[in-house]
Amino acid sequence: MEVRKEREAASLPPTTRLHLAAAFFLPPRLTPQRVRYDRRYRTLDKYRFITWFLSLPLLVYLLFVVSPFLQAFYYSMTDWSGFSSNYTFTGFENYERLWNDDKFWDAMGNSLVLLVLAPVITLSLGLFFAYMVNAGGRQRSNETVSGVFGSRFYKIVYFFPQVLSLAIIAVIFARIYSPRSGILNEGLGAVGLDSWRQEDWLGGDLALWCVLAVLCWSFVGFYVVLFSAAMSSIPREIYEASLLDGAGRTVTFFRITFPLTWETIRTGWIYMGIQALDAFALVNVMVPEHGMDVVPTYLFEKAFRDGQAGYATAIGVALFLVTLVFSVLMMLVGRRDRIEY
């Protein structure tokens, strides 16, 4: 079959080839008659529509997304200060400096801890709450499977942090963690746990865990709504069949709900991982200066405080590679056969 197509293509007159090539760039009404009724024109017309339909979005994507990435790779190999147009190409000098920078590795370690723990905690809570508000309630007379009492109200409560910006959340929790007048220390003292009070929640070893708690709290409501939508699409007949077979809530969740919502869980895992790596707003607003760093805040410090934009761009490239590796691994490790129902 392929040999015959090659022979036919080779036997085309030069004029016909020229007309077919021109037809790719012409609208159908301007296509010559001798080409329009050629059977090869049908295939050409199909790919012409796809190509021209995607050309403008692809051009915008290349211009505003791919081009800045390529520029970032280039500027990461310069000594650009960020405040002038003068710079010198230095090769991999910034990356060698990055490899030996202890502060960068401390910031990267904090980011990786958030990358590992934040999705696990947030998605686990989101799955639990979503299951309870959709299928975790008692059996009612008119519904075989239902959520807990007041499930609609709980969805609103869980989603409420999404209405607030991360900067506002950071300001609120900075006051909560305040060692002098913060609600946390005052609450611990009120219940007799004075030994648990801290002089500096956000300036020592506890800063990372405080940021982790706020990060999980601020995003868990989003995943409750996301997973609730995924669980609502599962046919009720499947739950009813499992109840008739004597399956409890735990078995129903792990044997039915979890597998049928896996695609949504995997997507949420990738999204939450990216949010954990980009914890700039929380750390920059909530944590005092030099309390702790994550990669984005260290990048900001080098670019805008120290005037080392070239080195900061190299940090950004490293963060991009970590994000890319994480996303690819999640896509590969989390791949499984799609379940149709």
# chains A, B, ... in the order shown; residues from 1 in each chain; ligands from 1
call {"tool": "select_by_dssp", "arguments": {"residues": "range 156-260 of chain A", "states": "helix (DSSP H, G or I)", "output": "ChimeraX atom specification"}}
result
/A:156-163,166-176,183-190,194-196,207-232,236-244,249-260
call {"tool": "closest_atom_pairs", "arguments": {"of": "range 213-330 of chain A", "to": "range 167-187 of chain A", "cutoff": "12 Å", "atoms": "only C-alpha atoms", "output": "JSON lines"}}
result
{"residue": "A:Ala213", "atom": "CA", "partner": "A:Phe173", "partner_atom": "CA", "distance": 10.2}
{"residue": "A:Val214", "atom": "CA", "partner": "A:Phe173", "partner_atom": "CA", "distance": 7.5}
{"residue": "A:Leu215", "atom": "CA", "partner": "A:Ile169", "partner_atom": "CA", "distance": 9.5}
{"residue": "A:Cys216", "atom": "CA", "partner": "A:Ile169", "partner_atom": "CA", "distance": 11.9}
{"residue": "A:Trp217", "atom": "CA", "partner": "A:Ile169", "partner_atom": "CA", "distance": 9.9}
{"residue": "A:Ser218", "atom": "CA", "partner": "A:Ile169", "partner_atom": "CA", "distance": 7.7}
{"residue": "A:Phe219", "atom": "CA", "partner": "A:Ile169", "partner_atom": "CA", "distance": 11.2}
{"residue": "A:Ala279", "atom": "CA", "partner": "A:Ala170", "partner_atom": "CA", "distance": 10.6}
{"residue": "A:Phe280", "atom": "CA", "partner": "A:Ala167", "partner_atom": "CA", "distance": 9.7}
{"residue": "A:Ala281", "atom": "CA", "partner": "A:Ala167", "partner_atom": "CA", "distance": 5.9}
{"residue": "A:Leu282", "atom": "CA", "partner": "A:Ala170", "partner_atom": "CA", "distance": 5.2}
{"residue": "A:Val283", "atom": "CA", "partner": "A:Ala170", "partner_atom": "CA", "distance": 7.8}
{"residue": "A:Asn284", "atom": "CA", "partner": "A:Ala170", "partner_atom": "CA", "distance": 8.6}
{"residue": "A:Val285", "atom": "CA", "partner": "A:Ala170", "partner_atom": "CA", "distance": 5.9}
{"residue": "A:Met286", "atom": "CA", "partner": "A:Ala170", "partner_atom": "CA", "distance": 4.9}
{"residue": "A:Val287", "atom": "CA", "partner": "A:Ala174", "partner_atom": "CA", "distance": 7.3}
{"residue": "A:Pro288", "atom": "CA", "partner": "A:Ala174", "partner_atom": "CA", "distance": 9.1}
call {"tool": "residues_around", "arguments": {"residues": "Ala309 in chain A", "least_positions_apart": "6", "cutoff": "9 Å", "atoms": "only C-alpha atoms", "output": "list in words"}}
result
Tyr75, Ser76, Thr78, Asp79, Trp80, Ser81, Gly82, Phe83, Leu299, Lys302 and Ala303 of chain A
call {"tool": "closest_residue", "arguments": {"among": "A:Leu202, A:Val295, A:Leu56, A:Ile256", "to": "Asp278 in chain A", "atoms": "only C-alpha atoms"}}
result
A:Val295
call {"tool": "closest_atom_pairs", "arguments": {"of": "range 245-284 of chain A", "to": "range 116-126 of chain A", "cutoff": "9 Å", "atoms": "only C-alpha atoms", "output": "JSON lines"}}
result
{"residue": "A:Ile265", "atom": "CA", "partner": "A:Leu123", "partner_atom": "CA", "distance": 7.6}
{"residue": "A:Gly268", "atom": "CA", "partner": "A:Leu123", "partner_atom": "CA", "distance": 7.6}
{"residue": "A:Trp269", "atom": "CA", "partner": "A:Pro119", "partner_atom": "CA", "distance": 5.8}
{"residue": "A:Ile270", "atom": "CA", "partner": "A:Pro119", "partner_atom": "CA", "distance": 8.3}
{"residue": "A:Tyr271", "atom": "CA", "partner": "A:Pro119", "partner_atom": "CA", "distance": 8.7}
{"residue": "A:Met272", "atom": "CA", "partner": "A:Pro119", "partner_atom": "CA", "distance": 5.5}
{"residue": "A:Gly273", "atom": "CA", "partner": "A:Pro119", "partner_atom": "CA", "distance": 6.0}
{"residue": "A:Gln275", "atom": "CA", "partner": "A:Ala118", "partner_atom": "CA", "distance": 9.0}
{"residue": "A:Ala276", "atom": "CA", "partner": "A:Ala118", "partner_atom": "CA", "distance": 6.4}
call {"tool": "atom_distance", "arguments": {"atom1": "CA of Thr267 in chain A", "atom2": "CA of Phe129 in chain A"}}
result
18.1 Å
call {"tool": "atom_distance", "arguments": {"atom1": "CA of Val220 in chain A", "atom2": "CA of Pro161 in chain A"}}
result
8.7 Å
call {"tool": "atom_distance", "arguments": {"atom1": "CA of Glu93 in chain A", "atom2": "CA of Tyr298 in chain A"}}
result
18.3 Å
